[in-house]
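Below: one structure, written as structure tokens.
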Amino acid sequence: MNGSLCAVAALRNRAPFDSFGPILSGSLNGSLCAVAALRNRAPDRNGILVSCGMRARRRLGGSGARPALYRSLGVLALAMLAACAPARIRHDTLRVALGDDPGKIDPATGYSVPTWSIDKLLFDSLVDYDDAGRIVPDLAATWSVEPDRLVFHLRHGLRFSNGAVCRADDVVASMDRLLRPQTRCPVPRFYSAIAGADAVIAGRSRHIAGLTAPDPFTVEMRLVRPDPFLLQVLAMPFCAVLPHGELDPQHPIGTGPFALTRWIHGQQMIFDRARLAPDPHSPRRVEFELGLSEQVEDLKFERGELDLLGVHRPIDGPDFVRLLHDPKWKSRFVAGPEMATYYIGMNTEMPPFNDVRVRKAVAFAVDRARLVQLLNGRAVIASGFLPPGLPGIDQSLERAVPRPGRAAGSLASAGLGAPAASLAPAGRRDPLYDVAEARALLAQAGHPDGITATYYCPNSGTATKLAMAIQQDLAGAGIHLILKPLSFPTFLTAVGQRRNVKIFQGNWVADYPDPSNFLVPLFSSADIQDVNSRNTTFFHDPAYDALLARAAAEPSAARRDVIYRQAERELMAQMPVAPLFHPENYVLVQPWVYGFRLHPVWPLAFWDICLGAPCRPNVAGGQR
């Protein structure tokens with residue numbers, strides 16, 4: 001039977017997805033023509049996905065018989081996508097799925113894994129992070145650190161992608177813009193040690209008094225106090241240098257290795273080399289595919305239309321298991337721990353979550369072991385907030401949480417303290433899960449019949465599955481959640497608005513490898529804003545803030561880590577978040593991709609990647 005007749009027969013019989021493979025062994029073009037004829041349109045030259053998959057999927061909201069037809073067409077198109085011969089491999093282009101369309105590009109406000117991949121292509125900062133998370137030169141060739149100032153000496157010959165020369169004045173203007181209230185940087189307090197920064201943050205000045213450019217290649221920062229983390233936060237994308245500190249968010253210009261050359265909103269972003277590639281086999285172009293579902297992303301990778309899978313979001317669970325046991329793919333995984341924490345956030349300013357007993361009830365009601373199973377084991381259970389392997393983490397924290405069944409009167413009343421005989425072993429067991437204790441805490445808080453709340457979460461497949469599992473767990477304790485999935489940008493806006501969201505599904509990926517990055521921006525009262533707040537639980541605890549202030553003023557890294565361990569214990573006693581798990585990264589790499597690795601900070605370390613052949617030794621990574 002030819003492809004056209006097979007396609008029609010499959011539609012009539014509504015064959016299961018798995019049964020389409022053998023049916024579609026005939027003419028693919030015939031199948032495409034059959035689908036196109038049924039939809040009254042010709043096949044699109046851009047490929048099967050656009051012609052029959054994505055557009056059919058986008059029309060599922062119609063009424064009558066047409067949506068059912070489109071659902072069948074969408075499944076059929078995806079099956080044909082998997083059955084087709086591999087796509088033509090282009091060894092000059094790195095192709096990756098990004099997720100949702102960012103809408104605009106602004107390194108001063110972008111604060112997610114996908115936006116940081118964009119920023120790293122387009123922009124540079126004064127300094128950067130190496131493979132171990134240490135500070136290394138970027139735009140600055142050298143710098144000096146004194147208790148009351150930092151001085152940076154720029155590399156000569158720096159240019160923006162439009163050809164303009166990059167000078168010290170551009171650095172100063174970019175930092176001024178970063179801290180102005182109208183820019184809405186989510187973490188302006190990261191830079192408050194610079195003299196005059198607070199006046200700009202408060203809107204009293206447009207220029208940072210302590211930031212000057214004595215000559216075209218020198219930037220000087222005068223400090224009001226020593227800041228052991230200032231170099232770390234200067235390496236973040238927020239401090240990207242812009243020409244004259246100005247930005248067109250649809251046509252951004254930076255000093256980065258790539259320039260944005262095409263942006264089809266909702267579909268694709270294309271970046272072409274703006275300066276010499278470090279290796280003949282380095283990508284000359286990077287293409288980000290936008291708006292792909294997890295299923296479509298997986299299928300496009302298997303067809304050879306994407307070079308990496310799992311960079312900006314985890315691989316979908318069933319596909320991960322299948323690929324991990326597929327002889328063709330199982331050896332192509334690159335895996336490693338991620339410095340990140342997934343958690344349930346609760347707004348401490350809004351009832352009923354302004355009551356610590358309710359917050360602790362949520363923490364006790366979640367079966368974290370089941371969540372790890374949903375992730376196919378790609379995570380470790382979290383009892384504290386700091387992820388394993390991060391400097392300064394209290395490695396005994398998981399063992400310092402009472403076992404289920406022995407929790408009454410301990411965590412509920414006295415934080416994390418427990419006698420040694422009742423300590424649970426660390427690892428993948430859940431030391432918090434105790435539904436009876438959760439119900440008891442709700443009753444103590446005046447909610448014997450339970451509570452109901454709207455639960456905000458990102459609308460990706462994995463996030464939604466986790467939200468549904470959490471919804472089931474909490475219902476068993478009398479906490480009834482109404483799920484509200486949102487696109488990631490909309491989700492961030494919602495949870496960052498004061499007195500707007502009561503409970504939500506959050507995650508935090510390290511900006512820089514230090515406990516301060518987990519404990520300060522998310523929980524310091526200084527980081528509470530009415531909009532775009534990074535402290536999305538709006539947690540305000542004077543004792544906790546005092547510990548953060550002590551740590552920031554402590555010059556000894558070892559003593560600073562001890563203070564941060566104390567701060568984490570205070571945080572867990574107040575429980576503005578219920579930690580869930582720390583993820584482990586699994587990225588699948590095509591056979592023609594060489595040099596891919598997991599970076600401790602950046603989601604896509606593109607500078608060491610070569611396509612079609614290995615990179616020359618000691619070349620890739622030297623110039624990004």
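Ordered as shown in the structure tokens, chains take letters A, B, and onward, while each chain numbers its residues from 1 and ligands are numbered from 1 in the order shown.
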
Find the residues of region 520-609 of chain A that sit at most 12 Å from region 344-368 of chain A; for each, write down the nearest two atoms and how far apart they are in Å, to one decimal. Count only C-alpha atoms. Sort by chain, then by number going up, and give it as JSON lines.
{"residue": "A:Leu522", "atom": "CA", "partner": "A:Gly345", "partner_atom": "CA", "distance": 10.2}
{"residue": "A:Phe523", "atom": "CA", "partner": "A:Thr348", "partner_atom": "CA", "distance": 10.9}
{"residue": "A:Ser525", "atom": "CA", "partner": "A:Thr348", "partner_atom": "CA", "distance": 11.7}
{"residue": "A:Ile528", "atom": "CA", "partner": "A:Glu349", "partner_atom": "CA", "distance": 11.4}
{"residue": "A:Ser533", "atom": "CA", "partner": "A:Asn347", "partner_atom": "CA", "distance": 12.0}
{"residue": "A:Arg534", "atom": "CA", "partner": "A:Gly345", "partner_atom": "CA", "distance": 11.9}
{"residue": "A:Asn535", "atom": "CA", "partner": "A:Asn347", "partner_atom": "CA", "distance": 9.6}
{"residue": "A:Thr536", "atom": "CA", "partner": "A:Asn347", "partner_atom": "CA", "distance": 7.1}
{"residue": "A:Thr537", "atom": "CA", "partner": "A:Asn347", "partner_atom": "CA", "distance": 4.3}
{"residue": "A:Phe538", "atom": "CA", "partner": "A:Thr348", "partner_atom": "CA", "distance": 6.0}
{"residue": "A:Phe539", "atom": "CA", "partner": "A:Thr348", "partner_atom": "CA", "distance": 5.7}
{"residue": "A:His540", "atom": "CA", "partner": "A:Thr348", "partner_atom": "CA", "distance": 8.2}
{"residue": "A:Asp541", "atom": "CA", "partner": "A:Thr348", "partner_atom": "CA", "distance": 10.4}
{"residue": "A:Leu571", "atom": "CA", "partner": "A:Val356", "partner_atom": "CA", "distance": 11.3}
{"residue": "A:Met572", "atom": "CA", "partner": "A:Lys360", "partner_atom": "CA", "distance": 9.3}
{"residue": "A:Ala573", "atom": "CA", "partner": "A:Val356", "partner_atom": "CA", "distance": 8.7}
{"residue": "A:Gln574", "atom": "CA", "partner": "A:Val356", "partner_atom": "CA", "distance": 6.1}
{"residue": "A:Met575", "atom": "CA", "partner": "A:Arg359", "partner_atom": "CA", "distance": 6.1}
{"residue": "A:Pro576", "atom": "CA", "partner": "A:Met346", "partner_atom": "CA", "distance": 5.6}
{"residue": "A:Val577", "atom": "CA", "partner": "A:Gly345", "partner_atom": "CA", "distance": 4.5}
{"residue": "A:Ala578", "atom": "CA", "partner": "A:Ala363", "partner_atom": "CA", "distance": 4.8}
{"residue": "A:Pro579", "atom": "CA", "partner": "A:Ile344", "partner_atom": "CA", "distance": 6.4}
{"residue": "A:Leu580", "atom": "CA", "partner": "A:Arg368", "partner_atom": "CA", "distance": 5.9}
{"residue": "A:Phe581", "atom": "CA", "partner": "A:Arg368", "partner_atom": "CA", "distance": 7.1}
{"residue": "A:His582", "atom": "CA", "partner": "A:Arg368", "partner_atom": "CA", "distance": 10.7}

Find, counting only C-alpha atoms, the residue in A:Asp608, A:Glu570, A:Asp92, A:Asp148 that gets nearest to Asp272 (chain A). A:Asp92

Please extract the residues of region 205-246 of chain A with a backbone DSSP assignment of helix (DSSP H, G or I) and present them as a list in words.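 Everything in region 205-246 of chain A that counts as helix (DSSP H, G or I) is Leu230, Leu231, Gln232, Val233, Leu234, Pro237, Phe238, Cys239, Pro243, His244 and Gly245 of chain A.
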
Go ahead and dump the residues you just picked, N, CA, C and O atoms, as an mmCIF file, in the first residue's frame.
data_model
loop_
_atom_site.group_PDB
_atom_site.id
_atom_site.type_symbol
_atom_site.label_atom_id
_atom_site.label_comp_id
_atom_site.auth_asym_id
_atom_site.auth_seq_id
_atom_site.Cartn_x
_atom_site.Cartn_y
_atom_site.Cartn_z
ATOM 1 N N LEU A 230 31.697 40.465 44.762
ATOM 2 C CA LEU A 230 31.483 41.428 43.681
ATOM 3 C C LEU A 230 32.011 40.914 42.344
ATOM 4 O O LEU A 230 31.343 41.055 41.306
ATOM 5 N N LEU A 231 33.183 40.310 42.332
ATOM 6 C CA LEU A 231 33.689 39.756 41.072
ATOM 7 C C LEU A 231 32.760 38.676 40.535
ATOM 8 O O LEU A 231 32.545 38.564 39.324
ATOM 9 N N GLN A 232 32.195 37.874 41.436
ATOM 10 C CA GLN A 232 31.266 36.829 41.003
ATOM 11 C C GLN A 232 30.060 37.437 40.297
ATOM 12 O O GLN A 232 29.659 36.976 39.220
ATOM 13 N N VAL A 233 29.460 38.462 40.870
ATOM 14 C CA VAL A 233 28.245 39.015 40.268
ATOM 15 C C VAL A 233 28.552 39.883 39.059
ATOM 16 O O VAL A 233 27.683 40.087 38.196
ATOM 17 N N LEU A 234 29.775 40.381 38.945
ATOM 18 C CA LEU A 234 30.161 41.127 37.740
ATOM 19 C C LEU A 234 30.303 40.203 36.531
ATOM 20 O O LEU A 234 30.273 40.664 35.388
ATOM 21 N N PRO A 237 25.368 37.771 33.410
ATOM 22 C CA PRO A 237 24.933 38.470 32.198
ATOM 23 C C PRO A 237 24.328 39.842 32.453
ATOM 24 O O PRO A 237 24.295 40.673 31.540
ATOM 25 N N PHE A 238 23.850 40.106 33.679
ATOM 26 C CA PHE A 238 23.296 41.427 33.962
ATOM 27 C C PHE A 238 24.283 42.537 33.611
ATOM 28 O O PHE A 238 23.890 43.624 33.199
ATOM 29 N N CYS A 239 25.563 42.260 33.794
ATOM 30 C CA CYS A 239 26.600 43.274 33.585
ATOM 31 C C CYS A 239 27.129 43.283 32.157
ATOM 32 O O CYS A 239 28.232 43.798 31.908
ATOM 33 N N PRO A 243 26.703 49.147 23.739
ATOM 34 C CA PRO A 243 27.236 50.393 23.174
ATOM 35 C C PRO A 243 26.536 51.608 23.781
ATOM 36 O O PRO A 243 25.316 51.750 23.678
ATOM 37 N N HIS A 244 27.310 52.429 24.481
ATOM 38 C CA HIS A 244 26.787 53.627 25.164
ATOM 39 C C HIS A 244 25.722 53.265 26.200
ATOM 40 O O HIS A 244 24.925 54.122 26.607
ATOM 41 N N GLY A 245 25.691 52.001 26.625
ATOM 42 C CA GLY A 245 24.704 51.580 27.598
ATOM 43 C C GLY A 245 23.290 51.526 27.053
ATOM 44 O O GLY A 245 22.329 51.517 27.827
#

Would you compute the distance between CA of Thr183 (chain A) and CA of Ile105 (chain A)? Give it in Å to one decimal. 12.5 Å

Shortest interatomic distance to Ala526 (chain A) - which of A:Asp198, A:Asp561, A:Asp449, A:Asp101, counting only C-alpha atoms: A:Asp198

Excluding Gly478 (chain A) and its own-chain neighbours fewer than 2 positions away, which residues fall within 9 Å of it when counting only C-alpha atoms? Please give them as a compact mmCIF listing (two decimals) with all heavy atoms, in the first residue's frame.
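The file below, around27.txt, is the result:
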# COMPACT_ATOMS: atom_id res chain seq x y z
N ALA A 438 1.44 16.41 58.76
CA ALA A 438 0.92 17.54 57.97
C ALA A 438 -0.51 17.87 58.40
O ALA A 438 -0.86 19.05 58.59
CB ALA A 438 0.97 17.21 56.49
N ARG A 439 -1.34 16.85 58.56
CA ARG A 439 -2.73 17.09 58.99
C ARG A 439 -2.78 17.70 60.39
O ARG A 439 -3.59 18.60 60.68
CB ARG A 439 -3.51 15.78 58.96
CG ARG A 439 -3.89 15.31 57.55
CD ARG A 439 -4.82 14.11 57.61
NE ARG A 439 -5.34 13.78 56.30
CZ ARG A 439 -6.40 14.36 55.75
NH1 ARG A 439 -7.03 15.33 56.41
NH2 ARG A 439 -6.82 14.00 54.55
N LEU A 442 -1.93 21.39 60.18
CA LEU A 442 -3.04 22.17 59.65
C LEU A 442 -4.10 22.40 60.72
O LEU A 442 -4.66 23.51 60.83
CB LEU A 442 -3.66 21.46 58.45
CG LEU A 442 -2.96 21.58 57.10
CD1 LEU A 442 -3.74 20.80 56.04
CD2 LEU A 442 -2.81 23.03 56.68
N HIS A 447 -7.07 24.97 60.61
CA HIS A 447 -7.64 24.48 59.35
C HIS A 447 -7.90 22.98 59.43
O HIS A 447 -7.34 22.20 58.64
CB HIS A 447 -6.70 24.80 58.18
CG HIS A 447 -6.31 26.23 58.08
ND1 HIS A 447 -7.15 27.19 57.59
CD2 HIS A 447 -5.14 26.86 58.41
CE1 HIS A 447 -6.53 28.37 57.60
NE2 HIS A 447 -5.32 28.20 58.11
N PRO A 448 -8.74 22.54 60.35
CA PRO A 448 -8.97 21.09 60.48
C PRO A 448 -9.63 20.47 59.25
O PRO A 448 -9.48 19.26 59.02
CB PRO A 448 -9.90 20.99 61.70
CG PRO A 448 -10.58 22.32 61.77
CD PRO A 448 -9.56 23.32 61.30
N ASP A 449 -10.34 21.28 58.47
CA ASP A 449 -10.98 20.77 57.25
C ASP A 449 -10.12 20.99 56.01
O ASP A 449 -10.59 20.77 54.89
CB ASP A 449 -12.35 21.44 57.07
CG ASP A 449 -13.30 21.13 58.22
OD1 ASP A 449 -13.23 20.00 58.74
OD2 ASP A 449 -14.07 22.03 58.61
N GLY A 450 -8.90 21.45 56.20
CA GLY A 450 -7.99 21.65 55.07
C GLY A 450 -8.08 23.04 54.48
O GLY A 450 -8.82 23.91 54.96
N ILE A 451 -7.31 23.27 53.42
CA ILE A 451 -7.27 24.55 52.74
C ILE A 451 -7.28 24.32 51.23
O ILE A 451 -7.00 23.22 50.74
CB ILE A 451 -5.99 25.36 53.11
CG1 ILE A 451 -4.73 24.57 52.72
CG2 ILE A 451 -5.98 25.71 54.59
CD1 ILE A 451 -3.44 25.35 52.92
N THR A 452 -7.64 25.37 50.49
CA THR A 452 -7.62 25.33 49.03
C THR A 452 -6.85 26.54 48.53
O THR A 452 -7.01 27.65 49.04
CB THR A 452 -9.05 25.35 48.46
OG1 THR A 452 -9.77 24.20 48.93
CG2 THR A 452 -9.03 25.34 46.93
N LEU A 474 -0.54 16.56 48.26
CA LEU A 474 -1.06 17.53 49.22
C LEU A 474 -2.54 17.30 49.50
O LEU A 474 -3.01 17.57 50.62
CB LEU A 474 -0.81 18.96 48.71
CG LEU A 474 0.49 19.61 49.21
CD1 LEU A 474 1.71 18.80 48.78
CD2 LEU A 474 0.61 21.05 48.73
N ALA A 475 -3.27 16.80 48.51
CA ALA A 475 -4.68 16.50 48.73
C ALA A 475 -4.84 15.46 49.84
O ALA A 475 -5.81 15.51 50.61
CB ALA A 475 -5.34 16.01 47.44
N GLY A 476 -3.91 14.53 49.94
CA GLY A 476 -3.98 13.52 50.99
C GLY A 476 -3.85 14.09 52.38
O GLY A 476 -4.25 13.46 53.36
N HIS A 480 -5.70 21.33 49.14
CA HIS A 480 -6.25 21.14 47.80
C HIS A 480 -5.75 22.25 46.87
O HIS A 480 -5.99 23.43 47.12
CB HIS A 480 -7.78 21.12 47.86
CG HIS A 480 -8.30 20.08 48.80
ND1 HIS A 480 -8.28 18.73 48.52
CD2 HIS A 480 -8.84 20.20 50.05
CE1 HIS A 480 -8.79 18.05 49.52
NE2 HIS A 480 -9.13 18.92 50.48

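Distance-wise, CA of Ile135 (chain A) and CA of Asp119 (chain A) end up 18.0 Å apart.
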
Please report the interatomic distance between CA of Leu309 (chain A) and CA of Val589 (chain A) in Å with one decimal.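 These two atoms are separated by 6.7 Å.
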
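In this comparison, which uses only C-alpha atoms, the residue of A:Met339, A:Ala436, A:Leu466, A:Val219 approaching Leu598 (chain A) most closely is A:Met339.
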
Name the residues in contact with Cys457 (chain A) at a cut-off of 10 Å, using only C-alpha atoms, excluding same-chain residues fewer than 3 positions from it; report them as a PyMOL selection string. chain A and resi 344+454+460+463-464+466-467+483-488+491-492+495+503-506

Could you write out, as number ranges by chain, all the residues of region 273-517 of chain A that DSSP marks as strand (DSSP E or B)? A: 273, 285-290, 308-309, 333-337, 340-346, 379-381, 402, 423, 451-458, 479-486, 503-509

Atoms to include: N, CA and C atoms. Write the selected residues as a compact mmCIF listing (two decimals), in the first residue's frame.
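Generated file (part22.txt):
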# COMPACT_ATOMS: atom_id res chain seq x y z
N ARG A 273 28.17 34.18 13.43
CA ARG A 273 29.44 34.60 13.99
C ARG A 273 29.70 36.09 13.73
N ARG A 285 27.17 29.26 13.02
CA ARG A 285 25.80 29.73 13.25
C ARG A 285 25.20 28.90 14.39
N VAL A 286 24.33 29.54 15.16
CA VAL A 286 23.55 28.86 16.20
C VAL A 286 22.09 29.14 15.91
N GLU A 287 21.28 28.08 15.84
CA GLU A 287 19.84 28.22 15.61
C GLU A 287 19.10 27.71 16.83
N PHE A 288 18.26 28.55 17.39
CA PHE A 288 17.38 28.14 18.49
C PHE A 288 15.98 27.95 17.94
N GLU A 289 15.43 26.75 18.12
CA GLU A 289 14.04 26.47 17.76
C GLU A 289 13.15 26.84 18.95
N LEU A 290 12.08 27.57 18.68
CA LEU A 290 11.20 28.08 19.74
C LEU A 290 9.86 27.35 19.75
N LEU A 308 21.57 18.80 20.04
CA LEU A 308 21.60 18.51 21.48
C LEU A 308 20.17 18.36 21.98
N LEU A 309 19.99 17.52 22.98
CA LEU A 309 18.68 17.32 23.58
C LEU A 309 18.83 17.34 25.10
N PHE A 333 25.00 10.03 25.99
CA PHE A 333 24.59 10.91 27.09
C PHE A 333 25.80 11.55 27.76
N VAL A 334 25.67 12.83 28.09
CA VAL A 334 26.62 13.52 28.95
C VAL A 334 25.86 13.88 30.22
N ALA A 335 26.34 13.41 31.37
CA ALA A 335 25.58 13.54 32.61
C ALA A 335 26.43 14.16 33.71
N GLY A 336 25.74 14.82 34.65
CA GLY A 336 26.42 15.40 35.79
C GLY A 336 25.45 16.13 36.69
N PRO A 337 25.83 16.38 37.95
CA PRO A 337 24.95 17.08 38.88
C PRO A 337 24.75 18.54 38.47
N ALA A 340 21.34 23.20 41.48
CA ALA A 340 20.00 23.74 41.39
C ALA A 340 19.12 23.08 42.45
N THR A 341 18.05 23.76 42.81
CA THR A 341 17.07 23.26 43.76
C THR A 341 15.68 23.52 43.24
N TYR A 342 14.84 22.50 43.23
CA TYR A 342 13.42 22.64 42.91
C TYR A 342 12.65 22.65 44.24
N TYR A 343 11.62 23.47 44.31
CA TYR A 343 10.95 23.67 45.58
C TYR A 343 9.51 24.14 45.38
N ILE A 344 8.73 24.07 46.44
CA ILE A 344 7.41 24.71 46.50
C ILE A 344 7.60 26.01 47.26
N GLY A 345 7.28 27.12 46.62
CA GLY A 345 7.39 28.41 47.27
C GLY A 345 6.04 28.84 47.84
N MET A 346 6.08 29.48 49.02
CA MET A 346 4.85 29.93 49.67
C MET A 346 5.00 31.39 50.07
N ALA A 379 17.59 12.86 39.96
CA ALA A 379 17.58 13.87 41.01
C ALA A 379 17.90 13.19 42.33
N VAL A 380 18.25 14.00 43.33
CA VAL A 380 18.40 13.53 44.70
C VAL A 380 17.44 14.33 45.57
N ILE A 381 16.88 13.68 46.57
CA ILE A 381 15.90 14.31 47.45
C ILE A 381 16.55 15.46 48.21
N PRO A 402 14.07 14.83 61.26
CA PRO A 402 13.47 13.63 61.87
C PRO A 402 12.84 12.72 60.84
N LEU A 423 17.82 10.20 63.67
CA LEU A 423 18.25 10.78 62.41
C LEU A 423 18.10 9.79 61.27
N ILE A 451 -7.31 23.27 53.42
CA ILE A 451 -7.27 24.55 52.74
C ILE A 451 -7.28 24.32 51.23
N THR A 452 -7.64 25.37 50.49
CA THR A 452 -7.62 25.33 49.03
C THR A 452 -6.85 26.54 48.53
N ALA A 453 -5.98 26.33 47.52
CA ALA A 453 -5.17 27.43 46.97
C ALA A 453 -4.87 27.16 45.51
N THR A 454 -4.64 28.23 44.75
CA THR A 454 -4.23 28.11 43.35
C THR A 454 -2.72 27.95 43.28
N TYR A 455 -2.28 26.93 42.57
CA TYR A 455 -0.86 26.56 42.50
C TYR A 455 -0.33 26.93 41.13
N TYR A 456 0.58 27.90 41.08
CA TYR A 456 1.17 28.36 39.83
C TYR A 456 2.38 27.50 39.48
N CYS A 457 2.51 27.17 38.19
CA CYS A 457 3.66 26.38 37.74
C CYS A 457 3.92 26.66 36.27
N PRO A 458 5.15 26.44 35.79
CA PRO A 458 5.41 26.54 34.35
C PRO A 458 4.62 25.48 33.60
N ILE A 479 -4.72 19.60 51.73
CA ILE A 479 -4.30 20.82 51.06
C ILE A 479 -4.67 20.66 49.58
N HIS A 480 -5.70 21.33 49.14
CA HIS A 480 -6.25 21.14 47.80
C HIS A 480 -5.75 22.25 46.87
N LEU A 481 -5.06 21.85 45.82
CA LEU A 481 -4.45 22.80 44.89
C LEU A 481 -5.23 22.84 43.58
N ILE A 482 -5.44 24.04 43.08
CA ILE A 482 -5.99 24.26 41.74
C ILE A 482 -4.82 24.66 40.85
N LEU A 483 -4.46 23.83 39.89
CA LEU A 483 -3.26 24.07 39.09
C LEU A 483 -3.49 25.19 38.09
N LYS A 484 -2.48 26.05 37.96
CA LYS A 484 -2.52 27.14 37.00
C LYS A 484 -1.20 27.15 36.22
N PRO A 485 -1.08 26.36 35.14
CA PRO A 485 0.14 26.35 34.33
C PRO A 485 0.23 27.61 33.47
N LEU A 486 1.43 28.19 33.39
CA LEU A 486 1.66 29.40 32.60
C LEU A 486 2.95 29.26 31.82
N ILE A 503 1.06 30.28 46.36
CA ILE A 503 1.89 29.07 46.38
C ILE A 503 2.25 28.73 44.94
N PHE A 504 3.47 28.27 44.73
CA PHE A 504 3.94 28.06 43.37
C PHE A 504 5.06 27.03 43.35
N GLN A 505 5.35 26.57 42.15
CA GLN A 505 6.42 25.59 41.91
C GLN A 505 7.64 26.35 41.40
N GLY A 506 8.70 26.36 42.18
CA GLY A 506 9.88 27.14 41.81
C GLY A 506 11.11 26.29 41.62
N ASN A 507 12.09 26.87 40.97
CA ASN A 507 13.41 26.25 40.90
C ASN A 507 14.46 27.33 40.80
N TRP A 508 15.62 27.05 41.34
CA TRP A 508 16.71 28.01 41.33
C TRP A 508 17.96 27.30 40.85
N VAL A 509 18.54 27.82 39.78
CA VAL A 509 19.80 27.32 39.24
C VAL A 509 20.89 28.32 39.58

Choose the residue, out of A:Leu126, A:Met269, A:Val151, A:Ala97, that has the smallest atom-to-atom separation from Leu223 (chain A); count only C-alpha atoms.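 Among A:Leu126, A:Met269, A:Val151, A:Ala97, it is A:Val151 that comes nearest to Leu223 (chain A).
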
Just the residues within 12 Å of Pro252 (chain A), please, counting only C-alpha atoms, with nothing from its chain fewer than 6 positions along; format it as a PyMOL selection string. chain A and resi 104-107+118-119+121-123+160-162+240-243+245-246+258-263+271

Which residues come within 10 Å of Arg313 (chain A), counting only C-alpha atoms, excluding same-chain residues fewer than 5 positions away, as a list of chain:residue names? A:Ala97, A:Leu98, A:Gly99, A:Val113, A:Pro114, A:Glu294, A:Ser460, A:Gly461, A:Thr462, A:Ala463, A:Asn585, A:Tyr586, A:Val587, A:Pro603

For the selection you just gave me, I'd like the residues written to a file as a short mmCIF file (atom, residue, chain, number, x, y, z; two decimals), in the first residue's frame, keeping N, CA, C and O atoms.
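Output contents, as saved in part_26.cif:
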data_model
loop_
_atom_site.label_atom_id
_atom_site.label_comp_id
_atom_site.auth_asym_id
_atom_site.auth_seq_id
_atom_site.Cartn_x
_atom_site.Cartn_y
_atom_site.Cartn_z
N ALA A 97 16.92 23.38 20.76
CA ALA A 97 15.60 23.89 21.15
C ALA A 97 15.77 24.79 22.37
O ALA A 97 16.50 24.45 23.31
N LEU A 98 15.08 25.93 22.36
CA LEU A 98 15.22 26.89 23.45
C LEU A 98 14.07 26.84 24.43
O LEU A 98 14.25 27.02 25.63
N GLY A 99 12.85 26.63 23.95
CA GLY A 99 11.67 26.71 24.80
C GLY A 99 10.77 27.83 24.32
O GLY A 99 10.59 28.03 23.12
N VAL A 113 17.29 30.08 32.53
CA VAL A 113 18.26 29.28 31.80
C VAL A 113 18.24 29.62 30.30
O VAL A 113 19.30 29.86 29.70
N PRO A 114 17.08 29.67 29.63
CA PRO A 114 17.08 29.99 28.20
C PRO A 114 17.64 31.37 27.88
O PRO A 114 18.41 31.54 26.93
N GLU A 294 7.83 19.00 24.24
CA GLU A 294 8.88 18.04 24.57
C GLU A 294 8.90 16.88 23.59
O GLU A 294 9.97 16.40 23.19
N SER A 460 5.49 23.57 31.00
CA SER A 460 6.20 22.51 30.30
C SER A 460 5.68 21.16 30.77
O SER A 460 5.10 21.05 31.87
N GLY A 461 5.89 20.13 29.95
CA GLY A 461 5.37 18.81 30.27
C GLY A 461 5.87 18.28 31.60
O GLY A 461 5.09 17.78 32.42
N THR A 462 7.18 18.39 31.85
CA THR A 462 7.75 17.87 33.09
C THR A 462 7.24 18.64 34.29
O THR A 462 6.86 18.05 35.32
N ALA A 463 7.21 19.98 34.19
CA ALA A 463 6.73 20.79 35.30
C ALA A 463 5.28 20.48 35.62
O ALA A 463 4.88 20.42 36.79
N ASN A 585 21.73 16.53 35.57
CA ASN A 585 21.62 16.82 34.14
C ASN A 585 21.96 15.60 33.29
O ASN A 585 22.94 14.90 33.55
N TYR A 586 21.14 15.37 32.26
CA TYR A 586 21.44 14.38 31.23
C TYR A 586 21.18 15.05 29.88
O TYR A 586 20.04 15.40 29.56
N VAL A 587 22.23 15.26 29.12
CA VAL A 587 22.12 15.87 27.79
C VAL A 587 22.55 14.83 26.76
O VAL A 587 23.57 14.15 26.92
N PRO A 603 24.31 27.39 30.78
CA PRO A 603 23.55 26.21 30.30
C PRO A 603 24.09 25.63 29.00
O PRO A 603 23.96 24.43 28.77
#
